[in-house]
2 protein chains.
Amino acid sequence: MAAMRKKKAVKTPKGDQTSKLILDTALEMFRERGYEQTTMRAVAEKAGVSLGNAYYYFRSKEHLIQAFYQTMHDEHVVLVLPALEKLDTMKARLLTVIRLKIDVMKPYHQFAGVLFKTAGDPQSPLNPFADEANAVRVASIQLFEKVVEGTKARIPKDLRAELPYLLWVYHMGIILFWIHDRSPKHRRTYRLIDRTVEMVDKMIYLASNPFMRPLRKHALALVDELRDAAEDIMDQEEEPK
Amino acid sequence: MAAMRKKKAVKTPKGDQTSKLILDTALEMFRERGYEQTTMRAVAEKAGVSLGNAYYYFRSKEHLIQAFYQTMHDEHVVLVLPALEKLDTMKARLLTVIRLKIDVMKPYHQFAGVLFKTAGDPQSPLNPFADEANAVRVASIQLFEKVVEGTKARIPKDLRAELPYLLWVYHMGIILFWIHDRSPKHRRTYRLIDRTVEMVDKMIYLASNPFMRPLRKHALALVDELRDAAEDIMDQEEEPK
DNA sequence: GTCTATAACCGGATAGAC
DNA sequence: GTCTATCCGGTTATAGAC
């Protein structure tokens with residue numbers, strides 16, 4: 001019922017190739033010059049296709065970024081799955097997943113600024129909470145499900161159920177920080193990860209205490225409601241236009 | 001050393017008037033048609049000035065929004081100060097300040113979407129964390145200082161010092177939610193305010209417990225560091241033109 | 001039906017004359 | 001301080017080729 005406007009179908013192998021060519025060229029230029037500095041005209045020229053053609057495959061400049069999200073996620077998964085096999089504590093698993101995410105995104109740091117530019121704009125296809133990003137977001141949250149599943153810690157069911165989503169939101173926050181972080185080698189971000197993962201770990205432990213049950217219930221109900229609201233909002237915002 | 005690029009100085013009364021005329025016209029059109037739908041050309045025409053002239057007073061379309069922030073804040077303060085006089089609990093004071101903020105912004109709901117559009121973009125003049133918004137942000141945080149000052153609750157010094165900033169961040173989150181909220185009369189947002197204010201209140205109480213001291217210290221150190229990092233980032237990002 | 005190219009259009013932004 | 005004339009780049013319309 002939703003999501004009727006996917007990317008162009010691309011049925012032929014030739015079209016497939018052209019599409020990939022354009023995307024690769026664009027990402028390369030984004031990496032080198034940044035997003036704003038890269039014009040659609042320049043991408044088309046460098047890829048050796050016409051401007052019209054570029055727009056045939058990507059509905060807008062922003063849609064190129066959507067494709068970028070997907071690419072990043074795929075690379076991340078490839079690294080994360082084998083790494084998780086050897087770890088069994090929440091802290092270690094979480095640390096690994098988040099560090100690897102930053103590792104994967106590193107080459108795109110200067111371009112990444114634009115990723116969150118419209119993260120708050122409901123209309124934008126860039127919005128990771130909006131419908132068009134759904135596939136990537138869902139897949140991304142699933143990764144955090146794996147993180148939680150593989151731990152031995154005793155976590156109350158109610159919390160355990162929401163944890164993947166909460167961790168995903170947390171990881172988005174880290175990415176937001178990283179985007180702005182220009183310290184050498186992103187040292188600051190890695191330090192932030194170390195510290196916050198430790199805190200998150202402590203807080204999960206704390207929240208699992210029977211003594212905290214009322215506050216926990218209250219907070220989780222709120223999280224749930226926030227998520228519902230977010231979904232309603234996206235439903236509304238798919239229609240217009 | 002920073003902040004050398006203020007808004008145009010506007011020295012003459014005539015310029016002052018033109019500037020105000022343009023801003024008022026723009027805000028009116030934003031309210032009616034939304035931000036994207038309002039072109040600079042249309043604003044200029046309706047205000048009876050040339051396009052170039054509009055750009056003489058406002059360096060970009062986004063700079064008009066900067067002026068909007070200021071307007072909202074001014075109106076908010078006028079309502080908040082007298083209202084606070086009669087209240088002495090944290091919960092009541094916080095509730096009042098945040099509800100009033102939403103009340104003030106209400107007429108601009110449909111336009112407000114754009115406010116956070118670039119909240120994550122370090123380069124944007126729209127970014128409330130960036131330098132150009134400084135004056136408004138500082139003033140806004142001061143309001144939360146007043147909220148905290150006026151309460152009788154026993155709050156440890158370390159927390160008390162950071163609280164205004166934390167509450168400001170919290171209130172930004174509420175605004176972000178409100179922007180996306182299309183429930184009738186923004187009922188959802190007001191409900192969210194009620195619930196989260198209660199939770200915040202509880203958490204302050206909890207965090208004030210001696211038992212929580214280590215975690216609190218840890219968390220506050222982190223907040224401090226985050227803020228420092230944010231400032232560094234802004235310093236870096238002022239330079240590059 | 002799949003793909004490619006050319007020529008506009010539109011609106012944000014700037015240059016430079018007055 | 002104000003205007004006119006342009007630029008520039010995202011986007012669209014359209015016409016056709018395969």
# chains A, B, ... in the order shown; residues from 1 in each chain; ligands from 1
call {"tool": "closest_atom_pairs", "arguments": {"of": "chain B", "to": "chain D", "cutoff": "8 Å", "atoms": "only C-alpha atoms (C1' of nucleotides)", "output": "CSV"}}
result
residue,atom,partner,partner_atom,distance
B:Gly15,CA,D:DG1,C1',7.5
B:Ser50,CA,D:DC3,C1',6.5
B:Gly52,CA,D:DC3,C1',7.1
B:Asn53,CA,D:DT2,C1',6.0
call {"tool": "interface_residues", "arguments": {"of": "chain C", "to": "chain B", "cutoff": "12 Å", "atoms": "only C-alpha atoms (C1' of nucleotides)", "output": "JSON, numbers by chain"}}
result
{"C": [10, 11, 12, 13, 14, 15, 16]}
call {"tool": "select_by_dssp", "arguments": {"residues": "range 27-226 of chain B", "states": "helix (DSSP H, G or I)", "output": "JSON, numbers by chain"}}
result
{"B": [27, 28, 29, 30, 31, 32, 33, 40, 41, 42, 43, 44, 45, 46, 47, 51, 52, 53, 54, 55, 56, 57, 61, 62, 63, 64, 65, 66, 67, 68, 69, 70, 71, 72, 73, 74, 75, 76, 77, 78, 79, 80, 81, 82, 83, 84, 85, 90, 91, 92, 93, 94, 95, 96, 97, 98, 99, 100, 101, 102, 103, 104, 105, 106, 107, 108, 109, 110, 111, 112, 113, 114, 115, 116, 131, 132, 133, 134, 135, 136, 137, 138, 139, 140, 141, 142, 143, 144, 145, 146, 147, 148, 149, 157, 158, 159, 160, 161, 162, 163, 164, 165, 166, 167, 168, 169, 170, 171, 172, 173, 174, 175, 176, 177, 178, 179, 180, 184, 185, 186, 187, 188, 189, 190, 191, 192, 193, 194, 195, 196, 197, 198, 199, 200, 201, 202, 203, 204, 205, 206, 207, 210, 211, 212, 213, 214, 215, 216, 217, 218, 219, 220, 221, 222, 223, 224, 225, 226]}
call {"tool": "closest_residue", "arguments": {"among": "A:Ile141, A:Leu159, A:Met29, A:Ala112", "to": "chain B", "atoms": "only C-alpha atoms"}}
result
A:Ala112
call {"tool": "closest_residue", "arguments": {"among": "A:Pro82, A:Glu36, A:Ala153, A:Ala135", "to": "chain B", "atoms": "only C-alpha atoms"}}
result
A:Glu36
call {"tool": "residues_around", "arguments": {"residues": "range 220-227 of chain A", "least_positions_apart": "4", "cutoff": "9 Å", "atoms": "only C-alpha atoms (C1' of nucleotides)", "output": "MDAnalysis selection string"}}
result
(chainID A and resid 158:159 162 166 215:216 231:232) or (chainID B and resid 177 192 195:196)
call {"tool": "write_last_selection", "arguments": {"atoms": "N, CA and C atoms", "output": "short mmCIF file (atom, residue, chain, number, x, y, z; two decimals), in the first residue's frame"}}
result
data_model
loop_
_atom_site.label_atom_id
_atom_site.label_comp_id
_atom_site.auth_asym_id
_atom_site.auth_seq_id
_atom_site.Cartn_x
_atom_site.Cartn_y
_atom_site.Cartn_z
N ASP A 158 10.83 -7.21 28.09
CA ASP A 158 10.32 -5.94 27.54
C ASP A 158 11.45 -5.08 26.98
N LEU A 159 12.51 -5.00 27.73
CA LEU A 159 13.65 -4.21 27.28
C LEU A 159 14.32 -4.86 26.08
N GLU A 162 12.85 -4.04 22.73
CA GLU A 162 13.05 -2.69 22.18
C GLU A 162 14.51 -2.38 21.91
N LEU A 166 16.52 0.74 19.93
CA LEU A 166 17.20 1.76 20.72
C LEU A 166 18.68 1.84 20.35
N LEU A 215 10.03 2.60 36.28
CA LEU A 215 10.59 3.60 35.37
C LEU A 215 10.85 2.99 33.99
N ARG A 216 11.32 1.79 34.00
CA ARG A 216 11.61 1.11 32.73
C ARG A 216 10.34 0.94 31.91
N GLU A 231 5.71 6.27 12.64
CA GLU A 231 5.14 5.54 11.52
C GLU A 231 3.91 6.24 10.94
N ASP A 232 3.05 6.71 11.82
CA ASP A 232 1.90 7.48 11.36
C ASP A 232 2.35 8.64 10.51
N PHE B 177 9.86 16.64 17.32
CA PHE B 177 8.67 15.78 17.27
C PHE B 177 7.46 16.58 16.77
N LEU B 192 3.03 14.09 24.70
CA LEU B 192 4.44 13.72 24.84
C LEU B 192 5.13 14.61 25.86
N ARG B 195 4.18 13.56 29.40
CA ARG B 195 4.83 12.32 29.84
C ARG B 195 6.32 12.47 30.02
N THR B 196 6.95 13.13 29.09
CA THR B 196 8.41 13.22 29.20
C THR B 196 8.83 14.16 30.33
#
call {"tool": "closest_residue", "arguments": {"among": "A:Ala230, A:Leu51, A:Ile204, A:Met105", "to": "Arg182 in chain B", "atoms": "only C-alpha atoms"}}
result
A:Ala230
call {"tool": "residues_around", "arguments": {"residues": "Tyr165 in chain B", "least_positions_apart": "3", "cutoff": "12 Å", "atoms": "only C-alpha atoms (C1' of nucleotides)", "output": "list in words"}}
result
Phe129, Arg137, Val138, Ala139, Ser140, Ile141, Gln142, Leu143, Phe144, Glu145, Lys146, Val147, Val148, Leu159, Arg160, Ala161, Glu162, Trp168, Val169, Tyr170, His171, Met172, Leu220, Val223, Asp224, Leu226 and Arg227 of chain B
call {"tool": "write_last_selection", "arguments": {"atoms": "N, CA and C atoms", "output": "compact mmCIF listing (two decimals), in the first residue's frame"}}
result
# COMPACT_ATOMS: atom_id res chain seq x y z
N PHE B 129 23.12 24.68 16.36
CA PHE B 129 24.36 24.49 17.11
C PHE B 129 25.50 25.30 16.52
N ARG B 137 20.63 30.74 20.68
CA ARG B 137 20.81 29.54 21.48
C ARG B 137 21.18 29.90 22.92
N VAL B 138 22.13 30.80 23.05
CA VAL B 138 22.55 31.21 24.38
C VAL B 138 21.37 31.77 25.16
N ALA B 139 20.61 32.61 24.52
CA ALA B 139 19.45 33.20 25.18
C ALA B 139 18.46 32.11 25.58
N SER B 140 18.32 31.16 24.71
CA SER B 140 17.38 30.08 24.95
C SER B 140 17.82 29.23 26.14
N ILE B 141 19.10 28.96 26.22
CA ILE B 141 19.61 28.18 27.35
C ILE B 141 19.45 28.96 28.65
N GLN B 142 19.62 30.26 28.56
CA GLN B 142 19.44 31.08 29.76
C GLN B 142 18.04 30.95 30.34
N LEU B 143 17.10 30.76 29.45
CA LEU B 143 15.73 30.59 29.92
C LEU B 143 15.64 29.34 30.79
N PHE B 144 16.33 28.31 30.39
CA PHE B 144 16.31 27.08 31.17
C PHE B 144 17.10 27.22 32.47
N GLU B 145 18.05 28.13 32.46
CA GLU B 145 18.73 28.43 33.72
C GLU B 145 17.72 28.98 34.71
N LYS B 146 16.89 29.85 34.22
CA LYS B 146 15.85 30.42 35.08
C LYS B 146 14.92 29.33 35.61
N VAL B 147 14.60 28.39 34.75
CA VAL B 147 13.73 27.29 35.17
C VAL B 147 14.35 26.55 36.35
N VAL B 148 15.63 26.29 36.24
CA VAL B 148 16.32 25.52 37.27
C VAL B 148 16.51 26.34 38.55
N LEU B 159 25.19 18.26 38.65
CA LEU B 159 24.04 18.10 37.75
C LEU B 159 23.37 19.45 37.49
N ARG B 160 23.22 20.18 38.55
CA ARG B 160 22.55 21.48 38.43
C ARG B 160 23.22 22.37 37.40
N ALA B 161 24.53 22.27 37.34
CA ALA B 161 25.27 23.11 36.40
C ALA B 161 24.98 22.74 34.95
N GLU B 162 24.80 21.47 34.70
CA GLU B 162 24.59 21.04 33.32
C GLU B 162 23.12 21.04 32.93
N TRP B 168 17.62 22.18 27.52
CA TRP B 168 17.51 22.82 26.20
C TRP B 168 17.54 21.77 25.09
N VAL B 169 18.46 20.84 25.21
CA VAL B 169 18.55 19.77 24.21
C VAL B 169 17.25 18.97 24.20
N TYR B 170 16.76 18.68 25.38
CA TYR B 170 15.49 17.96 25.48
C TYR B 170 14.37 18.72 24.78
N HIS B 171 14.33 19.99 24.99
CA HIS B 171 13.26 20.79 24.38
C HIS B 171 13.41 20.85 22.85
N MET B 172 14.64 20.77 22.38
CA MET B 172 14.84 20.70 20.93
C MET B 172 14.25 19.40 20.38
N LEU B 220 27.93 13.00 33.19
CA LEU B 220 28.14 14.45 33.09
C LEU B 220 29.46 14.78 32.42
N VAL B 223 28.80 14.52 28.82
CA VAL B 223 28.05 15.68 28.31
C VAL B 223 28.99 16.86 28.09
N ASP B 224 29.85 17.03 29.06
CA ASP B 224 30.81 18.12 28.99
C ASP B 224 31.69 17.99 27.77
N LEU B 226 31.09 16.32 25.09
CA LEU B 226 30.29 16.49 23.88
C LEU B 226 30.15 17.96 23.54
N ARG B 227 29.94 18.73 24.59
CA ARG B 227 29.77 20.15 24.35
C ARG B 227 31.05 20.79 23.86
call {"tool": "closest_residue", "arguments": {"among": "A:Thr12, A:His186, A:Leu94, A:Lys152", "to": "Asp201 in chain A", "atoms": "only C-alpha atoms"}}
result
A:Leu94
call {"tool": "atom_distance", "arguments": {"atom1": "CA of Lys217 in chain B", "atom2": "CA of Thr96 in chain B"}}
result
28.9 Å
